[in-house]
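> Hey, dropping structure-v7.pdb in here, PDB, C-alpha atoms:
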```pdb
MODEL        1
ATOM      1  CA  MET A  21      41.017  40.720 122.151
ATOM      2  CA  LEU A  22      40.856  42.151 125.662
ATOM      3  CA  ARG A  23      39.154  45.564 125.731
ATOM      4  CA  PRO A  24      38.936  47.013 129.271
ATOM      5  CA  TRP A  25      36.417  49.731 128.369
ATOM      6  CA  THR A  26      33.747  47.191 127.405
ATOM      7  CA  TYR A  27      33.394  46.367 131.106
ATOM      8  CA  ALA A  28      33.168  49.976 132.325
ATOM      9  CA  HIS A  29      29.520  49.601 133.382
ATOM     10  CA  GLU A  30      30.427  46.563 135.527
ATOM     11  CA  ILE A  31      33.364  48.060 137.384
ATOM     12  CA  ILE A  32      32.521  51.776 137.641
ATOM     13  CA  HIS A  33      31.354  51.305 141.246
ATOM     14  CA  ARG A  34      34.894  50.206 142.146
ATOM     15  CA  PHE A  35      36.469  53.559 141.269
ATOM     16  CA  LYS A  36      36.350  56.621 143.502
ATOM     17  CA  ASN A  37      35.510  60.010 141.996
ATOM     18  CA  VAL A  38      34.217  58.338 138.821
ATOM     19  CA  SER A  39      30.443  58.555 138.316
ATOM     20  CA  SER A  40      30.136  58.516 134.529
ATOM     21  CA  VAL A  41      30.430  55.317 132.489
ATOM     22  CA  ASP A  42      31.262  57.395 129.409
ATOM     23  CA  TYR A  43      34.124  59.066 131.283
ATOM     24  CA  LEU A  44      35.477  55.703 132.414
ATOM     25  CA  ILE A  45      35.277  54.350 128.867
ATOM     26  CA  ARG A  46      37.320  57.323 127.609
ATOM     27  CA  ALA A  47      39.821  56.954 130.451
ATOM     28  CA  LEU A  48      40.332  53.253 129.747
ATOM     29  CA  LYS A  49      40.756  53.830 126.014
ATOM     30  CA  GLU A  50      43.370  56.484 126.787
ATOM     31  CA  ALA A  51      45.097  54.044 129.150
ATOM     32  CA  TYR A  52      45.230  51.338 126.444
ATOM     33  CA  PRO A  53      45.547  53.286 123.170
ATOM     34  CA  HIS A  54      46.991  50.449 121.077
ATOM     35  CA  ALA A  55      44.106  48.140 121.932
ATOM     36  CA  ALA A  56      41.662  50.958 121.179
ATOM     37  CA  THR A  57      43.274  51.451 117.761
ATOM     38  CA  LEU A  58      43.073  47.730 117.015
ATOM     39  CA  GLU A  59      39.391  47.788 117.915
ATOM     40  CA  GLU A  60      38.798  50.665 115.494
ATOM     41  CA  ILE A  61      40.584  48.796 112.698
ATOM     42  CA  ALA A  62      38.649  45.587 113.389
ATOM     43  CA  ASN A  63      35.317  47.418 113.406
ATOM     44  CA  ARG A  64      36.184  49.243 110.188
ATOM     45  CA  LYS A  65      37.005  45.944 108.488
ATOM     46  CA  ALA A  66      34.027  44.138 110.029
ATOM     47  CA  ILE A  67      36.338  41.673 111.811
ATOM     48  CA  PRO A  68      34.580  39.960 114.732
ATOM     49  CA  ILE A  69      36.175  40.525 118.153
ATOM     50  CA  ARG A  70      35.857  37.806 120.789
ATOM     51  CA  GLU A  71      36.761  37.667 124.465
ATOM     52  CA  PRO A  72      39.778  35.435 125.188
ATOM     53  CA  PHE A  73      38.781  34.339 128.670
ATOM     54  CA  GLN A  74      39.384  30.968 130.278
ATOM     55  CA  GLY A  75      37.561  28.245 128.367
ATOM     56  CA  ALA A  76      37.239  30.166 125.090
ATOM     57  CA  ALA A  77      38.321  28.534 121.827
ATOM     58  CA  ILE A  78      40.643  30.389 119.448
ATOM     59  CA  GLY A  79      40.906  28.099 116.428
ATOM     60  CA  PRO A  80      42.489  24.903 117.763
ATOM     61  CA  PHE A  81      43.685  26.689 120.916
ATOM     62  CA  ARG A  82      41.886  26.744 124.251
ATOM     63  CA  VAL A  83      42.329  29.713 126.595
ATOM     64  CA  LEU A  84      43.594  28.624 130.018
ATOM     65  CA  ALA A  85      43.899  32.102 131.564
ATOM     66  CA  PRO A  86      42.807  34.712 132.513
ATOM     67  CA  THR A  87      39.379  34.208 134.013
ATOM     68  CA  ARG A  88      36.947  37.039 133.476
ATOM     69  CA  ALA A  89      36.773  37.813 137.192
ATOM     70  CA  ARG A  90      40.547  38.077 137.637
ATOM     71  CA  TYR A  91      40.827  40.226 134.520
ATOM     72  CA  LEU A  92      38.318  42.734 135.903
ATOM     73  CA  ASP A  93      40.267  42.859 139.171
ATOM     74  CA  LEU A  94      43.456  43.576 137.231
ATOM     75  CA  ILE A  95      41.835  46.462 135.371
ATOM     76  CA  VAL A  96      40.757  48.045 138.650
ATOM     77  CA  ASN A  97      44.156  47.561 140.290
ATOM     78  CA  SER A  98      46.300  48.617 137.325
ATOM     79  CA  ASP A  99      48.383  51.741 137.814
ATOM     80  CA  ARG A 100      47.164  52.898 134.382
ATOM     81  CA  THR A 101      43.526  53.218 135.404
ATOM     82  CA  PRO A 102      41.706  55.708 137.689
ATOM     83  CA  ASP A 103      42.152  55.271 141.440
ATOM     84  CA  ALA A 104      39.994  52.537 142.870
ATOM     85  CA  LYS A 105      37.878  52.983 145.999
ATOM     86  CA  GLU A 106      40.370  50.759 147.797
ATOM     87  CA  GLY A 107      42.789  53.581 147.020
ATOM     88  CA  PRO A 108      45.413  53.210 149.782
ATOM     89  CA  ALA A 109      46.196  49.627 148.793
ATOM     90  CA  LYS A 110      46.392  50.581 145.150
ATOM     91  CA  SER A 111      48.572  53.575 145.898
ATOM     92  CA  LEU A 112      50.916  51.335 147.869
ATOM     93  CA  LEU A 113      50.994  48.856 144.993
ATOM     94  CA  ARG A 114      51.732  51.663 142.566
ATOM     95  CA  SER A 115      54.556  53.168 144.627
ATOM     96  CA  THR A 116      56.049  49.775 145.436
ATOM     97  CA  PHE A 117      55.935  48.584 141.849
ATOM     98  CA  GLY A 118      57.289  51.904 140.569
ATOM     99  CA  ALA A 119      60.163  51.752 143.018
ATOM    100  CA  ALA A 120      60.908  48.200 141.971
ATOM    101  CA  LEU A 121      61.014  49.200 138.324
ATOM    102  CA  THR A 122      63.301  52.132 139.055
ATOM    103  CA  LYS A 123      65.609  49.947 141.094
ATOM    104  CA  ALA A 124      65.637  47.288 138.386
ATOM    105  CA  ALA A 125      66.379  49.837 135.686
ATOM    106  CA  LYS A 126      69.348  51.233 137.584
ATOM    107  CA  ALA A 127      70.743  47.950 138.763
ATOM    108  CA  VAL A 128      73.504  46.223 136.877
ATOM    109  CA  ALA A 129      72.867  42.511 136.849
ATOM    110  CA  SER A 130      75.578  40.633 138.693
ATOM    111  CA  LEU A 131      76.447  37.169 137.464
ATOM    112  CA  ALA A 132      77.789  34.279 139.452
ATOM    113  CA  LYS A 133      78.825  30.778 138.512
ATOM    114  CA  ALA A 134      76.352  28.108 139.567
ATOM    115  CA  ALA A 135      76.336  24.335 139.575
ATOM    116  CA  TRP A 136      73.961  22.284 137.446
ATOM    117  CA  GLY A 137      70.391  22.516 138.722
ATOM    118  CA  VAL A 138      70.856  25.624 140.880
ATOM    119  CA  GLU A 139      68.186  28.223 140.074
ATOM    120  CA  VAL A 140      67.785  31.857 141.124
ATOM    121  CA  PHE A 141      64.732  33.770 139.917
ATOM    122  CA  SER A 142      63.341  37.174 140.873
ATOM    123  CA  SER A 143      60.575  37.671 143.428
ATOM    124  CA  GLU A 144      59.696  41.131 142.063
ATOM    125  CA  ASP A 145      56.103  41.531 140.927
ATOM    126  CA  ILE A 146      55.083  42.121 137.319
ATOM    127  CA  SER A 147      52.615  44.678 135.990
ATOM    128  CA  ALA A 148      48.861  44.169 135.951
ATOM    129  CA  GLU A 149      49.023  44.334 132.163
ATOM    130  CA  ASN A 150      51.431  41.401 132.009
ATOM    131  CA  LYS A 151      49.151  39.479 134.364
ATOM    132  CA  MET A 152      46.336  40.061 131.860
ATOM    133  CA  SER A 153      48.208  38.030 129.249
ATOM    134  CA  VAL A 154      46.319  35.217 127.561
ATOM    135  CA  ILE A 155      47.724  31.712 128.046
ATOM    136  CA  GLN A 156      46.621  29.358 125.254
ATOM    137  CA  TYR A 157      46.999  25.611 124.782
ATOM    138  CA  ALA A 158      46.535  23.346 121.758
ATOM    139  CA  ARG A 159      47.429  19.807 120.773
ATOM    140  CA  LEU A 160      48.555  19.825 117.142
ATOM    141  CA  CYS A 161      50.074  16.799 115.375
ATOM    142  CA  ASN A 162      50.019  15.176 118.814
ATOM    143  CA  LYS A 163      52.313  17.931 120.122
ATOM    144  CA  ARG A 164      51.322  19.944 123.184
ATOM    145  CA  ILE A 165      51.808  23.663 122.508
ATOM    146  CA  LEU A 166      51.633  26.436 125.094
ATOM    147  CA  LEU A 167      51.614  30.157 124.236
ATOM    148  CA  THR A 168      52.170  32.387 127.239
ATOM    149  CA  ALA A 169      52.664  36.008 126.062
ATOM    150  CA  ASP A 170      53.892  38.015 129.103
ATOM    151  CA  ALA A 171      52.167  35.895 131.756
ATOM    152  CA  GLY A 172      53.579  35.458 135.243
ATOM    153  CA  ILE A 173      53.355  33.105 138.217
ATOM    154  CA  GLU A 174      49.770  34.058 139.114
ATOM    155  CA  SER A 175      48.555  33.432 135.566
ATOM    156  CA  PHE A 176      50.341  30.092 135.299
ATOM    157  CA  SER A 177      48.773  28.965 138.558
ATOM    158  CA  GLU A 178      45.313  29.865 137.321
ATOM    159  CA  ALA A 179      45.973  28.179 133.975
ATOM    160  CA  ALA A 180      47.207  24.997 135.660
ATOM    161  CA  GLY A 181      43.946  24.739 137.561
ATOM    162  CA  TYR A 182      41.999  24.727 134.297
ATOM    163  CA  ALA A 183      44.437  22.564 132.295
ATOM    164  CA  PRO A 184      42.624  19.241 132.949
ATOM    165  CA  PHE A 185      39.409  20.694 131.492
ATOM    166  CA  ALA A 186      41.351  21.418 128.287
ATOM    167  CA  GLY A 187      42.652  17.836 128.135
ATOM    168  CA  LEU A 188      46.136  18.758 129.359
ATOM    169  CA  VAL A 189      47.761  16.608 132.016
ATOM    170  CA  LEU A 190      50.705  18.332 133.703
ATOM    171  CA  PRO A 191      53.631  18.306 133.602
ATOM    172  CA  GLY A 192      54.373  17.995 129.921
ATOM    173  CA  ILE A 193      54.670  20.530 127.091
ATOM    174  CA  ASP A 194      56.317  19.880 123.714
ATOM    175  CA  ARG A 195      56.480  23.481 122.450
ATOM    176  CA  PHE A 196      56.761  26.075 125.196
ATOM    177  CA  GLN A 197      56.838  29.818 124.525
ATOM    178  CA  GLY A 198      58.944  31.346 127.288
ATOM    179  CA  PRO A 199      57.050  34.327 128.764
ATOM    180  CA  HIS A 200      58.041  37.976 128.485
ATOM    181  CA  HIS A 201      61.245  37.675 126.447
ATOM    182  CA  GLY A 202      62.819  35.356 128.986
ATOM    183  CA  SER A 203      62.336  37.558 132.064
ATOM    184  CA  ARG A 204      63.217  35.912 135.364
ATOM    185  CA  ARG A 205      60.333  37.729 137.091
ATOM    186  CA  ASN A 206      57.782  35.640 135.174
ATOM    187  CA  VAL A 207      58.853  32.133 136.192
ATOM    188  CA  SER A 208      59.865  30.209 139.295
ATOM    189  CA  THR A 209      61.257  26.794 140.107
ATOM    190  CA  GLU A 210      57.838  25.647 141.322
ATOM    191  CA  MET A 211      56.082  26.932 138.211
ATOM    192  CA  LEU A 212      58.586  25.273 135.860
ATOM    193  CA  ASP A 213      58.281  22.022 137.796
ATOM    194  CA  GLN A 214      54.512  22.118 137.528
ATOM    195  CA  TRP A 215      54.417  22.786 133.786
ATOM    196  CA  LEU A 216      57.607  21.209 132.433
ATOM    197  CA  GLY A 217      58.561  18.625 135.022
ATOM    198  CA  PRO A 218      61.341  18.285 137.617
ATOM    199  CA  ARG A 219      64.998  18.997 136.958
ATOM    200  CA  VAL A 220      66.882  16.187 135.264
ATOM    201  CA  GLY A 221      70.220  14.850 136.487
ATOM    202  CA  SER A 222      72.405  16.309 133.730
ATOM    203  CA  LYS A 223      72.322  18.371 130.568
ATOM    204  CA  PRO A 224      70.680  16.462 127.712
ATOM    205  CA  ALA A 225      72.935  15.600 124.799
ATOM    206  CA  LYS A 226      72.353  17.448 121.529
ATOM    207  CA  GLY A 227      69.347  15.927 119.813
ATOM    208  CA  GLN A 228      68.165  14.250 123.014
ATOM    209  CA  GLU A 229      66.182  17.181 124.372
ATOM    210  CA  THR A 230      62.632  16.287 125.437
ATOM    211  CA  PHE A 231      60.900  19.523 124.394
ATOM    212  CA  THR A 232      61.520  22.849 122.667
ATOM    213  CA  ALA A 233      61.291  26.249 124.355
ATOM    214  CA  VAL A 234      61.114  29.317 122.112
ATOM    215  CA  ILE A 235      61.749  32.784 123.530
ATOM    216  CA  SER A 236      60.940  35.944 121.591
ATOM    217  CA  SER A 237      63.806  38.341 122.271
ATOM    218  CA  ALA A 238      65.260  41.369 120.536
ATOM    219  CA  LYS A 239      68.806  41.180 119.217
ATOM    220  CA  ALA A 240      69.506  44.655 120.611
ATOM    221  CA  ASP A 241      68.442  43.618 124.116
ATOM    222  CA  LYS A 242      71.540  42.079 125.668
ATOM    223  CA  ASP A 243      69.759  41.285 128.955
ATOM    224  CA  HIS A 244      67.080  38.955 127.558
ATOM    225  CA  PRO A 245      66.555  36.118 127.687
ATOM    226  CA  ARG A 246      67.963  35.933 131.189
ATOM    227  CA  LYS A 247      70.614  33.317 131.787
ATOM    228  CA  SER A 248      68.698  31.998 134.792
ATOM    229  CA  VAL A 249      65.666  31.333 132.578
ATOM    230  CA  ILE A 250      67.703  29.506 129.935
ATOM    231  CA  ARG A 251      69.222  27.405 132.710
ATOM    232  CA  GLY A 252      65.811  26.621 134.205
ATOM    233  CA  LEU A 253      64.497  25.395 130.869
ATOM    234  CA  VAL A 254      67.562  23.302 130.078
ATOM    235  CA  HIS A 255      67.393  21.823 133.588
ATOM    236  CA  ARG A 256      64.105  20.244 132.498
ATOM    237  CA  GLY A 257      65.414  18.877 129.221
ATOM    238  CA  ALA A 258      64.677  21.743 126.835
ATOM    239  CA  LYS A 259      66.278  22.816 123.618
ATOM    240  CA  VAL A 260      66.081  26.589 124.091
ATOM    241  CA  ILE A 261      65.787  28.818 121.026
ATOM    242  CA  ALA A 262      65.864  32.624 121.268
ATOM    243  CA  THR A 263      64.671  34.545 118.222
ATOM    244  CA  GLU A 264      67.210  37.383 118.604
ATOM    245  CA  GLY A 265      65.857  39.224 115.563
ATOM    246  CA  ARG A 266      65.317  36.069 113.492
ATOM    247  CA  ASP A 267      62.180  34.471 112.107
ATOM    248  CA  ILE A 268      61.688  31.058 113.715
ATOM    249  CA  ARG A 269      59.255  28.351 112.683
ATOM    250  CA  THR A 270      58.531  25.023 114.288
ATOM    251  CA  GLN A 271      57.334  21.960 112.448
ATOM    252  CA  TRP A 272      56.577  18.284 112.889
ATOM    253  CA  ASN A 273      56.435  15.695 110.114
ATOM    254  CA  ALA A 274      56.329  18.453 107.496
ATOM    255  CA  PRO A 275      58.297  18.857 104.239
ATOM    256  CA  GLU A 276      61.464  20.936 104.252
ATOM    257  CA  ARG A 277      61.285  24.520 103.019
ATOM    258  CA  ALA A 278      63.882  26.090 100.782
ATOM    259  CA  GLY A 279      66.061  28.600 102.635
ATOM    260  CA  TRP A 280      65.207  27.273 106.085
ATOM    261  CA  THR A 281      67.714  25.361 108.192
ATOM    262  CA  ALA A 282      67.764  23.802 111.640
ATOM    263  CA  VAL A 283      68.363  26.219 114.516
ATOM    264  CA  GLU A 284      71.039  25.581 117.116
ATOM    265  CA  GLY A 285      69.872  25.754 120.704
ATOM    266  CA  GLU A 286      71.255  28.246 123.204
ATOM    267  CA  ASP A 287      74.376  27.237 125.092
ATOM    268  CA  TYR A 288      73.848  26.312 128.723
ATOM    269  CA  PRO A 289      75.017  29.280 130.856
ATOM    270  CA  GLU A 290      77.471  28.308 133.569
ATOM    271  CA  GLU A 291      76.545  31.509 135.423
ATOM    272  CA  GLN A 292      73.292  33.282 136.228
ATOM    273  CA  GLU A 293      71.914  36.530 137.555
ATOM    274  CA  GLN A 294      71.931  37.028 141.329
TER     275      GLN A 294
ENDMDL
END
```
Now that the file is in, can you turn its structure into structure tokens?


Amino acid sequence: MLRPWTYAHEIIHRFKNVSSVDYLIRALKEAYPHAATLEEIANRKAIPIREPFQGAAIGPFRVLAPTRARYLDLIVNSDRTPDAKEGPAKSLLRSTFGAALTKAAKAVASLAKAAWGVEVFSSEDISAENKMSVIQYARLCNKRILLTADAGIESFSEAAGYAPFAGLVLPGIDRFQGPHHGSRRNVSTEMLDQWLGPRVGSKPAKGQETFTAVISSAKADKDHPRKSVIRGLVHRGAKVIATEGRDIRTQWNAPERAGWTAVEGEDYPEEQEQ
């Protein structure tokens, strides 16, 4: 688990008007209250807590990102934490990101028809907290599995650089967890090409998909997953499955379970967000 306050003594010199490590620890715990609560529960139950930085092993999974150094930078530059000594740049980041969020919240997504293979993603930045997301890889039953949480372009780039050291040759993933509920700010054409391969010539026939992409999305959220993201995944041969309030399991060469049936993939959207 990532716990920003455990690094307070290392990064205190990077914050202006902060001279006490104890104060910074309190400030970081207040900034990340859910993580602080999880830490308390783990300590109470004597559950070991380990750092999920690049190269770490979590069961059969290997952490591809973030690196420790980039994570510390993200803590310092987050708009949740005290102002850094490089304040003007951080203030600009904060105001720019806040304005982008406000604009995004007010905007009504416009849809337009698009031909096969055409992709439009967002160039808007994501939060420092999303960039902190842990990307994990494992090979189970000879299937390559990638868990991405809320990671974005920067994280995927860092993870790709480490992939060979984890025994992963790109492109090629068999089970891909689409990041951040299918947000189009977290992927790009270049990133999808690097991880999943180039666009294929036409939509794969049912049952002929080359990999499975699973996106965790709330049924009440009509905007996610984004149509552009579903398109981008299908362009590379995916069967796309959105949870939409359902429990989803994936299996390979395993016995059937009573009450569980095959899931239909998402339809290919003929239009996408502009």

> Which centre and edge lengths in Å to one decimal define the box along x, y and z that fits every listed atom of segment 75-93 of chain A plus 5 Å per side, as lines of an AutoDock Vina configuration file?


```
center_x = 40.3
center_y = 33.9
center_z = 127.8
size_x = 17.1
size_y = 28.0
size_z = 32.7
```

> Can you translate the PyMOL selection byres ((chain A and resi 249) around 10) into the concrete residues it hits in this file, as number ranges by chain?

A: 139-141, 198-199, 201-209, 212, 235, 244-248, 250-255, 260, 289, 292-293

> Env of Ala85 of chain A: 9 Å cut, atoms = all atoms listed in the file, seq-sep filter 6 positions within chain, self excluded. Answer as a list in words.

Pro72, Phe73, Gln74, Gly75, Met152, Ser153, Val154, Ile155, Gln156, Ser175, Phe176, Glu178, Ala179, Ala180 and Tyr182 of chain A

> Name the residues that the PyMOL selection byres ((chain A and resi 56) around 12) pulls out of this structure, and write them as a count of residues only.

24

> Atom CA of Gly227 of chain A and atom CA of Lys259 of chain A, how far apart in Å?

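Atom-to-atom, atom CA of Lys259 of chain A and atom CA of Gly227 of chain A are spaced 8.4 Å apart.
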
> Quick one: residues within 9 Å of Lys163 of chain A, only C-alpha atoms counted, chain neighbours fewer than 6 positions away excluded, as number ranges by chain?

A: 193-195, 272

> Which value, in Å to one decimal, gives the distance between atom CA of Asn162 of chain A and atom CA of Gly265 of chain A?

29.0 Å

> Quick check on the file I pasted: which residues fall under the PyMOL selection byres ((chain A and resi 132) around 9)? Write them as a list in words.

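Applied to this file, the PyMOL selection byres ((chain A and resi 132) around 9) returns Ser130, Leu131, Lys133, Ala134, Glu290, Glu291, Gln292, Glu293 and Gln294 of chain A.
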
> Give me a file of those residues, with C-alpha atoms, as a PDB file, keeping the file's coordinate frame.


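The resulting part_6.pdb:
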```pdb
ATOM      1  CA  SER A 130      75.578  40.633 138.693  1.00  0.00           C
ATOM      2  CA  LEU A 131      76.447  37.169 137.464  1.00  0.00           C
ATOM      3  CA  LYS A 133      78.825  30.778 138.512  1.00  0.00           C
ATOM      4  CA  ALA A 134      76.352  28.108 139.567  1.00  0.00           C
ATOM      5  CA  GLU A 290      77.471  28.308 133.569  1.00  0.00           C
ATOM      6  CA  GLU A 291      76.545  31.509 135.423  1.00  0.00           C
ATOM      7  CA  GLN A 292      73.292  33.282 136.228  1.00  0.00           C
ATOM      8  CA  GLU A 293      71.914  36.530 137.555  1.00  0.00           C
ATOM      9  CA  GLN A 294      71.931  37.028 141.329  1.00  0.00           C
TER      10      GLN A 294
END
```

> Enter the distance from atom CA of Ile146 of chain A to atom CA of Ile173 of chain A, in Å, rounded to one decimal.

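These atoms are spaced 9.2 Å apart.
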
> In terms of the shortest atom-to-atom distance over only C-alpha atoms, which of A:Val234, A:Leu94, A:Ala240, A:Ala186 is closest to Glu284 of chain A?

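Looking only at the distances to Glu284 of chain A, the closest residue turns out to be A:Val234.
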
> Calculated over only C-alpha atoms, which of the candidates A:Glu174, A:Asp213, A:Tyr27, A:Leu44 has the smallest distance to Arg88 of chain A?

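Under the stated criterion, the closest residue is A:Tyr27.
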
> Return the single residue from A:Asp103, A:Tyr157, A:Arg266, A:Val138 that is closest to Phe185 of chain A, with distances computed using all atoms listed in the file.

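The answer is A:Tyr157, which sits nearest to Phe185 of chain A.
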
> Within 10 Å of Val283 of chain A, counting all atoms listed in the file, which residues show up once you throw out same-chain ones fewer than 5 positions away? Write them as a PyMOL selection string, please.

chain A and resi 259-263+268-270

> Between A:Glu71, A:Lys226, A:Gly257, A:Thr101, which residue has the minimum interatomic distance to Tyr43 of chain A, considering all atoms listed in the file?

A:Thr101

> Can you work out which one of A:Asp287, A:Asp170, A:Glu149, A:Glu30 has the shortest atom-to-atom distance to Lys223 of chain A, counting only C-alpha atoms?

A:Asp287

> Compare A:Gly279, A:Gly285, A:Pro184, A:Gly192 by their minimum atom-to-atom distance to Ala225 of chain A, counting all atoms listed in the file, and give me the closest one.

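The closest residue to Ala225 of chain A is A:Gly285.
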
> Using all atoms listed in the file - which residues lie no farther than 9 Å from the point (71.3, 17.0, 135.4) in the file's frame? Write them as a compact mmCIF listing (two decimals) with C-alpha atoms, in the coordinates of the input.


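Written output follows (result04.txt):
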```txt
# COMPACT_ATOMS: atom_id res chain seq x y z
CA TRP A 136 73.96 22.28 137.45
CA GLY A 137 70.39 22.52 138.72
CA ARG A 219 65.00 19.00 136.96
CA VAL A 220 66.88 16.19 135.26
CA GLY A 221 70.22 14.85 136.49
CA SER A 222 72.40 16.31 133.73
CA LYS A 223 72.32 18.37 130.57
CA PRO A 224 70.68 16.46 127.71
CA HIS A 255 67.39 21.82 133.59
CA ARG A 256 64.10 20.24 132.50
CA GLY A 257 65.41 18.88 129.22
```
